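Shown next: target.txt, containing compact mmCIF, C-alpha atoms and all ligand atoms.
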# COMPACT_ATOMS: atom_id res chain seq x y z
CA MET A 318 112.55 125.17 99.81
CA VAL A 319 110.95 122.42 101.89
CA ARG A 320 111.55 119.05 100.24
CA VAL A 321 108.45 116.82 100.45
CA VAL A 322 108.55 113.13 99.55
CA GLY A 323 105.38 111.03 99.26
CA ILE A 324 105.68 107.25 99.08
CA MET A 325 102.70 105.52 97.46
CA GLY A 326 102.50 101.91 98.66
CA SER A 327 99.35 100.63 96.99
CA PRO A 328 99.65 98.34 93.97
CA ARG A 329 96.45 99.95 92.68
CA ILE A 330 97.66 103.04 90.81
CA GLY A 331 94.88 105.65 90.70
CA GLY A 332 93.20 103.98 93.69
CA ASN A 333 92.24 105.36 97.09
CA THR A 334 95.72 105.69 98.58
CA ASP A 335 97.04 107.33 95.43
CA ILE A 336 94.20 109.87 95.42
CA LEU A 337 94.65 110.60 99.14
CA LEU A 338 98.40 111.06 98.73
CA ASP A 339 97.91 113.37 95.74
CA ALA A 340 95.67 115.58 97.88
CA ALA A 341 98.27 115.73 100.67
CA LEU A 342 101.06 116.54 98.19
CA GLU A 343 98.89 119.21 96.58
CA GLY A 344 98.40 120.84 99.99
CA ALA A 345 102.12 120.59 100.68
CA GLY A 346 102.86 122.19 97.30
CA GLU A 347 100.41 125.03 97.92
CA ALA A 348 102.15 125.69 101.25
CA GLY A 349 105.46 126.11 99.45
CA GLY A 350 106.83 122.57 99.49
CA ASP A 351 108.68 120.99 96.59
CA ALA A 352 106.83 117.67 96.33
CA GLU A 353 107.83 114.40 94.70
CA LYS A 354 105.77 111.20 94.63
CA VAL A 355 107.31 107.74 94.47
CA ILE A 356 105.08 104.89 93.26
CA LEU A 357 106.63 101.72 94.65
CA GLU A 358 104.67 99.43 92.32
CA LYS A 359 106.50 100.92 89.33
CA LEU A 360 109.98 100.32 90.75
CA ASP A 361 112.42 97.45 90.69
CA LEU A 362 112.72 96.50 94.37
CA ARG A 363 113.72 93.35 96.20
CA GLY A 364 113.38 92.43 99.85
CA CYS A 365 116.11 92.69 102.49
CA ARG A 366 118.33 89.59 102.47
CA GLU A 367 119.47 90.05 106.08
CA CYS A 368 123.10 89.60 104.98
CA GLU A 369 124.20 92.18 107.60
CA SER A 370 126.76 93.75 105.22
CA CYS A 371 125.25 97.12 106.11
CA PHE A 372 126.18 96.65 109.76
CA LYS A 373 129.77 97.51 108.78
CA THR A 374 129.17 100.00 105.94
CA GLY A 375 125.72 101.55 106.43
CA ARG A 376 125.04 100.67 102.78
CA CYS A 377 122.90 98.04 101.10
CA ILE A 378 124.65 95.63 98.75
CA LEU A 379 121.55 95.14 96.55
CA LYS A 380 121.56 97.30 93.44
CA ASP A 381 118.06 98.34 92.43
CA ASP A 382 115.73 101.36 92.69
CA MET A 383 116.15 101.43 96.45
CA GLU A 384 119.36 103.42 95.98
CA ARG A 385 117.28 106.33 94.69
CA ILE A 386 114.78 106.00 97.54
CA HIS A 387 117.56 106.04 100.13
CA GLY A 388 118.70 109.34 98.60
CA LEU A 389 115.18 110.80 98.72
CA LEU A 390 114.73 109.71 102.33
CA ASP A 391 117.91 111.58 103.20
CA GLU A 392 116.81 114.74 101.37
CA ALA A 393 113.23 114.84 102.67
CA ASP A 394 112.19 117.51 105.15
CA VAL A 395 108.65 116.13 105.05
CA LEU A 396 107.91 112.44 104.45
CA ILE A 397 104.39 111.21 103.73
CA MET A 398 103.91 107.44 103.76
CA ALA A 399 100.68 106.19 102.17
CA SER A 400 99.49 102.60 102.17
CA PRO A 401 96.15 100.83 102.25
CA ILE A 402 95.62 98.12 104.84
CA PHE A 403 96.24 94.63 103.52
CA PHE A 404 95.62 91.83 106.05
CA SER A 405 95.83 94.23 109.00
CA GLY A 406 99.20 95.62 107.90
CA LEU A 407 101.03 97.60 105.24
CA THR A 408 101.16 96.36 101.65
CA ALA A 409 104.03 94.08 100.65
CA GLN A 410 105.43 96.91 98.50
CA MET A 411 105.59 99.34 101.41
CA LYS A 412 106.91 96.78 103.89
CA MET A 413 109.61 95.70 101.45
CA MET A 414 110.75 99.31 101.04
CA ILE A 415 110.87 99.76 104.82
CA ASP A 416 112.81 96.52 105.35
CA ARG A 417 115.37 97.72 102.81
CA CYS A 418 116.08 100.61 105.16
CA GLN A 419 117.85 98.27 107.57
CA CYS A 420 121.05 99.90 106.28
CA LEU A 421 119.73 103.25 107.56
CA TRP A 422 118.98 101.60 110.92
CA ALA A 423 122.58 100.32 110.97
CA GLY A 424 123.89 103.76 110.01
CA ASN A 425 121.89 105.42 112.76
CA PHE A 426 122.13 102.96 115.65
CA LEU A 427 125.34 100.98 114.99
CA LEU A 428 127.57 103.43 113.16
CA GLY A 429 126.40 106.76 114.61
CA LYS A 430 125.59 108.16 111.14
CA PRO A 431 121.90 109.12 111.07
CA ILE A 432 120.48 110.28 107.75
CA GLY A 433 118.80 113.67 107.42
CA GLY A 434 121.74 115.75 108.62
CA GLY A 435 120.35 116.28 112.13
CA ARG A 436 117.72 118.85 110.99
CA ARG A 437 114.08 118.67 112.07
CA ARG A 438 112.15 116.33 109.77
CA VAL A 439 108.46 115.52 110.05
CA GLY A 440 106.26 112.83 108.60
CA ALA A 441 102.74 111.50 108.42
CA PHE A 442 100.97 108.25 107.67
CA LEU A 443 97.99 108.13 105.32
CA SER A 444 95.95 104.96 105.09
CA VAL A 445 92.64 103.55 103.92
CA GLY A 446 90.98 100.28 104.83
CA GLY A 447 87.81 98.51 103.86
CA ARG A 448 86.85 97.74 107.44
CA GLY A 449 86.88 99.56 110.78
CA ASP A 450 89.29 101.67 112.83
CA LEU A 451 91.13 98.78 114.50
CA SER A 452 92.63 97.68 111.17
CA PHE A 453 95.22 100.47 111.30
CA ASN A 454 97.06 99.59 114.52
CA GLY A 455 99.61 97.15 113.07
CA ALA A 456 100.53 99.36 110.11
CA LYS A 457 100.78 102.42 112.29
CA SER A 458 103.26 100.84 114.67
CA VAL A 459 105.49 99.82 111.73
CA VAL A 460 105.46 103.36 110.33
CA ARG A 461 106.26 104.79 113.77
CA ALA A 462 109.23 102.41 114.12
CA PHE A 463 110.40 103.36 110.62
CA PHE A 464 110.22 107.09 111.35
CA LEU A 465 112.21 106.58 114.55
CA THR A 466 114.88 104.75 112.55
CA ILE A 467 115.27 107.53 109.99
CA SER A 468 114.95 110.41 112.48
CA VAL A 469 111.58 111.66 111.27
CA GLU A 470 109.04 112.92 113.80
CA TYR A 471 105.59 111.23 113.53
CA ALA A 472 103.66 114.48 113.19
CA GLY A 473 100.30 113.46 111.76
CA GLU A 474 98.08 110.77 110.36
CA LEU A 475 94.95 110.36 108.31
CA LEU A 476 93.42 106.89 108.66
CA VAL A 477 90.21 106.36 106.73
CA PRO A 478 88.09 103.25 107.42
CA GLY A 479 85.23 101.94 105.28
CA ILE A 480 86.87 102.65 101.90
CA GLU A 481 87.02 99.70 99.51
CA GLY A 482 86.23 100.07 95.77
CA LYS A 483 88.76 101.77 93.48
CA GLY A 484 88.45 105.55 93.78
CA THR A 485 85.71 105.44 96.47
CA ILE A 486 87.65 108.07 98.41
CA SER A 487 86.83 110.64 95.71
CA GLY A 488 83.28 110.63 97.05
CA HIS A 489 84.57 112.01 100.37
CA PRO A 490 85.65 115.61 99.65
CA SER A 491 85.98 116.40 103.36
CA VAL A 492 88.58 113.64 103.72
CA LEU A 493 90.51 114.98 100.72
CA LYS A 494 90.44 118.42 102.28
CA GLU A 495 91.82 116.92 105.51
CA ALA A 496 94.64 115.41 103.45
CA ARG A 497 95.41 118.76 101.76
CA ASP A 498 95.39 120.52 105.15
CA LEU A 499 97.66 117.86 106.63
CA GLY A 500 100.14 118.27 103.76
CA ALA A 501 100.18 122.03 104.25
CA SER A 502 100.57 121.77 108.04
CA LEU A 503 103.57 119.44 107.69
CA VAL A 504 105.35 121.97 105.48
CA ALA A 505 104.54 124.76 107.95
CA LEU A 506 106.18 122.73 110.75
CA VAL A 507 109.60 122.75 109.08
CA LYS A 508 109.51 126.01 107.10
C1 LIG A 601 95.00 91.67 99.77
C2 LIG A 601 94.05 92.63 100.46
C3 LIG A 601 93.93 92.58 101.83
C4 LIG A 601 93.10 93.50 102.51
N1 LIG A 601 93.03 93.44 103.87
C5 LIG A 601 92.32 94.39 104.54
C6 LIG A 601 92.30 94.40 105.99
O1 LIG A 601 92.91 93.58 106.65
N2 LIG A 601 91.59 95.37 106.61
C7 LIG A 601 90.90 96.31 105.91
O2 LIG A 601 90.29 97.20 106.53
N3 LIG A 601 90.88 96.31 104.54
C8 LIG A 601 91.59 95.39 103.85
N4 LIG A 601 91.61 95.40 102.45
C9 LIG A 601 90.83 96.43 101.72
C10 LIG A 601 91.70 97.61 101.23
O3 LIG A 601 92.42 98.19 102.30
C11 LIG A 601 90.78 98.66 100.60
O4 LIG A 601 90.13 98.11 99.48
C12 LIG A 601 91.49 99.94 100.21
O5 LIG A 601 90.54 100.92 99.88
C13 LIG A 601 92.43 99.75 99.02
O6 LIG A 601 93.08 100.97 98.75
P1 LIG A 601 93.77 101.30 97.34
O7 LIG A 601 92.69 101.59 96.36
O8 LIG A 601 94.65 102.45 97.61
O9 LIG A 601 94.59 100.09 96.98
C14 LIG A 601 92.37 94.46 101.76
C15 LIG A 601 92.49 94.47 100.35
C16 LIG A 601 93.31 93.57 99.70
C17 LIG A 601 93.43 93.60 98.19

Using the file provided, produce a representation of the structure as structure tokens.
Amino acid sequence: MVRVVGIMGSPRIGGNTDILLDAALEGAGEAGGDAEKVILEKLDLRGCRECESCFKTGRCILKDDMERIHGLLDEADVLIMASPIFFSGLTAQMKMMIDRCQCLWAGNFLLGKPIGGGRRRVGAFLSVGGRGDLSFNGAKSVVRAFFLTISVEYAGELLVPGIEGKGTISGHPSVLKEARDLGASLVALVK
């Protein structure tokens, strides 16, 4: 079974990012993936304290819901990161989650212990923004750096400009189909 993890980074539950991610996870499920969605806004998460404890252990000293996310990131064969654009970047929720993976960076690059067991893992970035195409560049480069850190191949993206009001994306069935197809194609890559 292909393990699919979707991380929902918008604070607006039921909003555009959430709807887009649901479509991608539905496609992944239809293609045979076992999909789980994580809604960051609902979790107890704090930011990285840059204490560098993880440089020696590969583990984070903070005890909160990030422990569960670290486990899911290790298990995932397919990782779908979804965040709207806030001030030309990822949301604070998504960026905080990524920063808390500094222990995985330490494990991979300092301690020679990459997560994911060395198998092929693929991921994609889904995003929506109220303005134009250029808004996505900053967020995209962060997600690429994150995937590199956790040994996930950046295998696809769906970046949708011009989407602002809550649920506006539902009026774009062709975009939702693209999301479903992307989810299915990611599963096919690692099946
Ligand atoms: C704090 C904040 C900052 C935003 N900054 C940008 C931006 O820099 N560029 C952009 O295209 N849209 C920006 N937006 C618009 C959101 O990306 C847009 O409304 C999106 O559809 C929200 O998705 P959601 O419903 O999943 O939260 C911003 C919205 C908020 C609340």

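Here CA of Gly479 (chain A) and atom O5 of ligand LIG 601 (chain A) stand 7.6 Å from one another.
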
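Computed from the coordinates, the CA of Gly350 (chain A) to CA of Leu338 (chain A) distance equals 14.3 Å.
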
Write out as a PDB file with C-alpha atoms, in the coordinates of the input each polymer residue (protein, DNA or RNA) that has an atom no more than 6 Å from ligand LIG 601 (chain A), with only C-alpha atoms and all ligand atoms counted.
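The resulting selection_21.pdb:
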ATOM      1  CA  SER A 327      99.350 100.630  96.990  1.00  0.00           C
ATOM      2  CA  ARG A 329      96.450  99.950  92.680  1.00  0.00           C
ATOM      3  CA  GLY A 332      93.200 103.980  93.690  1.00  0.00           C
ATOM      4  CA  ASN A 333      92.240 105.360  97.090  1.00  0.00           C
ATOM      5  CA  THR A 334      95.720 105.690  98.580  1.00  0.00           C
ATOM      6  CA  ASP A 335      97.040 107.330  95.430  1.00  0.00           C
ATOM      7  CA  PRO A 401      96.150 100.830 102.250  1.00  0.00           C
ATOM      8  CA  ILE A 402      95.620  98.120 104.840  1.00  0.00           C
ATOM      9  CA  PHE A 403      96.240  94.630 103.520  1.00  0.00           C
ATOM     10  CA  PHE A 404      95.620  91.830 106.050  1.00  0.00           C
ATOM     11  CA  SER A 405      95.830  94.230 109.000  1.00  0.00           C
ATOM     12  CA  VAL A 445      92.640 103.550 103.920  1.00  0.00           C
ATOM     13  CA  GLY A 446      90.980 100.280 104.830  1.00  0.00           C
ATOM     14  CA  GLY A 447      87.810  98.510 103.860  1.00  0.00           C
ATOM     15  CA  ARG A 448      86.850  97.740 107.440  1.00  0.00           C
ATOM     16  CA  GLY A 449      86.880  99.560 110.780  1.00  0.00           C
ATOM     17  CA  SER A 452      92.630  97.680 111.170  1.00  0.00           C
ATOM     18  CA  ILE A 480      86.870 102.650 101.900  1.00  0.00           C
ATOM     19  CA  GLU A 481      87.020  99.700  99.510  1.00  0.00           C
ATOM     20  CA  GLY A 482      86.230 100.070  95.770  1.00  0.00           C
ATOM     21  CA  LYS A 483      88.760 101.770  93.480  1.00  0.00           C
TER      22      LYS A 483
END

Exercise. Can you tell me, as a PyMOL selection string, what residues are no more than 9 Å from Ser502 (chain A) when counting only C-alpha atoms, ignoring any on the same chain fewer than 5 positions away?
Worked result: chain A and resi 344-345+348+497

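Nearest residue to Glu392 (chain A) among A:Leu499, A:Leu337, A:Ile330, A:Ala352 is A:Ala352, counting all atoms listed in the file.
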
Give me, as a tab-separated table, each residue of region 357-412 of chain A that comes within 12 Å of region 504-508 of chain A, together with its shortest interatomic pair and the distance in Å at one decimal, counting only C-alpha atoms, with rows ordered by chain and rising residue number.
residue	atom	partner	partner_atom	distance
A:Ala393	CA	A:Val507	CA	10.8
A:Asp394	CA	A:Val507	CA	7.0
A:Val395	CA	A:Val504	CA	6.7
A:Leu396	CA	A:Val504	CA	9.9
A:Ile397	CA	A:Val504	CA	10.9

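Across the model, the gap from CA of Met325 (chain A) to CA of Gln410 (chain A) is 9.1 Å.
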
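Nearest to Gly326 (chain A) of all the residues A:Phe426, A:Phe372, A:Phe442, A:Phe453 is A:Phe442, counting all atoms listed in the file.
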
Exercise. Using all atoms listed in the file, which of the listed residues (A:Lys494, A:Arg366, A:Lys457, A:Arg437) sits closest to Glu470 (chain A)?
Worked result: A:Arg437

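In terms of minimum interatomic distance to Asn454 (chain A), A:Leu407 ranks closest within A:Leu427, A:Leu407, A:Gly434, A:Cys368, counting all atoms listed in the file.
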
Kindly complete region 465-491 of chain A to N, CA, C and O atoms; the output should be written as a short mmCIF file (atom, residue, chain, number, x, y, z; two decimals), in the coordinates of the input.
data_model
loop_
_atom_site.label_atom_id
_atom_site.label_comp_id
_atom_site.auth_asym_id
_atom_site.auth_seq_id
_atom_site.Cartn_x
_atom_site.Cartn_y
_atom_site.Cartn_z
N LEU A 465 111.20 106.50 113.48
CA LEU A 465 112.21 106.58 114.55
C LEU A 465 113.59 106.24 113.99
O LEU A 465 114.59 106.89 114.27
N THR A 466 113.63 105.22 113.15
CA THR A 466 114.88 104.75 112.55
C THR A 466 115.53 105.81 111.67
O THR A 466 116.75 105.95 111.65
N ILE A 467 114.69 106.56 110.93
CA ILE A 467 115.27 107.53 109.99
C ILE A 467 115.16 108.98 110.51
O ILE A 467 115.26 109.93 109.74
N SER A 468 114.96 109.09 111.82
CA SER A 468 114.95 110.41 112.48
C SER A 468 113.91 111.37 111.89
O SER A 468 114.21 112.52 111.58
N VAL A 469 112.71 110.84 111.72
CA VAL A 469 111.58 111.66 111.27
C VAL A 469 110.52 111.63 112.38
O VAL A 469 110.19 110.57 112.89
N GLU A 470 110.05 112.80 112.75
CA GLU A 470 109.04 112.92 113.80
C GLU A 470 107.67 112.51 113.25
O GLU A 470 107.27 113.00 112.19
N TYR A 471 106.95 111.64 113.95
CA TYR A 471 105.59 111.23 113.53
C TYR A 471 104.65 112.38 113.89
O TYR A 471 104.22 112.52 115.02
N ALA A 472 104.35 113.23 112.89
CA ALA A 472 103.66 114.48 113.19
C ALA A 472 102.20 114.51 112.77
O ALA A 472 101.53 115.52 112.97
N GLY A 473 101.71 113.44 112.17
CA GLY A 473 100.30 113.46 111.76
C GLY A 473 99.90 112.17 111.10
O GLY A 473 100.75 111.38 110.68
N GLU A 474 98.59 111.97 111.03
CA GLU A 474 98.08 110.77 110.36
C GLU A 474 96.68 111.05 109.85
O GLU A 474 95.98 111.92 110.37
N LEU A 475 96.32 110.31 108.82
CA LEU A 475 94.95 110.36 108.31
C LEU A 475 94.59 108.92 107.96
O LEU A 475 95.10 108.36 106.98
N LEU A 476 93.75 108.31 108.78
CA LEU A 476 93.42 106.89 108.66
C LEU A 476 91.93 106.80 108.36
O LEU A 476 91.10 107.23 109.17
N VAL A 477 91.61 106.29 107.18
CA VAL A 477 90.21 106.36 106.73
C VAL A 477 89.62 104.96 106.59
O VAL A 477 89.96 104.22 105.66
N PRO A 478 88.73 104.57 107.51
CA PRO A 478 88.09 103.25 107.42
C PRO A 478 86.91 103.26 106.46
O PRO A 478 86.44 104.32 106.03
N GLY A 479 86.46 102.07 106.08
CA GLY A 479 85.23 101.94 105.28
C GLY A 479 85.39 102.34 103.83
O GLY A 479 84.41 102.73 103.18
N ILE A 480 86.60 102.25 103.30
CA ILE A 480 86.87 102.65 101.90
C ILE A 480 87.37 101.43 101.14
O ILE A 480 88.45 100.92 101.43
N GLU A 481 86.62 100.96 100.15
CA GLU A 481 87.02 99.70 99.51
C GLU A 481 87.18 99.77 97.97
O GLU A 481 88.26 99.51 97.47
N GLY A 482 86.14 100.10 97.24
CA GLY A 482 86.23 100.07 95.77
C GLY A 482 87.23 101.11 95.24
O GLY A 482 87.47 102.14 95.88
N LYS A 483 87.77 100.85 94.06
CA LYS A 483 88.76 101.77 93.48
C LYS A 483 88.19 103.18 93.32
O LYS A 483 87.15 103.36 92.68
N GLY A 484 88.85 104.15 93.94
CA GLY A 484 88.45 105.55 93.78
C GLY A 484 87.30 105.99 94.68
O GLY A 484 86.88 107.14 94.61
N THR A 485 86.82 105.09 95.56
CA THR A 485 85.71 105.44 96.47
C THR A 485 85.99 106.71 97.25
O THR A 485 85.09 107.49 97.56
N ILE A 486 87.27 106.92 97.57
CA ILE A 486 87.65 108.07 98.41
C ILE A 486 87.30 109.41 97.74
O ILE A 486 87.09 110.40 98.44
N SER A 487 87.19 109.40 96.42
CA SER A 487 86.83 110.64 95.71
C SER A 487 85.44 111.14 96.10
O SER A 487 85.15 112.33 95.97
N GLY A 488 84.62 110.24 96.60
CA GLY A 488 83.28 110.63 97.05
C GLY A 488 83.27 111.21 98.46
O GLY A 488 82.21 111.41 99.05
N HIS A 489 84.46 111.46 99.01
CA HIS A 489 84.57 112.01 100.37
C HIS A 489 85.43 113.28 100.34
O HIS A 489 86.58 113.29 100.80
N PRO A 490 84.85 114.37 99.78
CA PRO A 490 85.65 115.61 99.65
C PRO A 490 86.19 116.14 100.97
O PRO A 490 87.26 116.75 101.00
N SER A 491 85.48 115.88 102.07
CA SER A 491 85.98 116.40 103.36
C SER A 491 87.26 115.68 103.77
O SER A 491 88.16 116.27 104.37
#
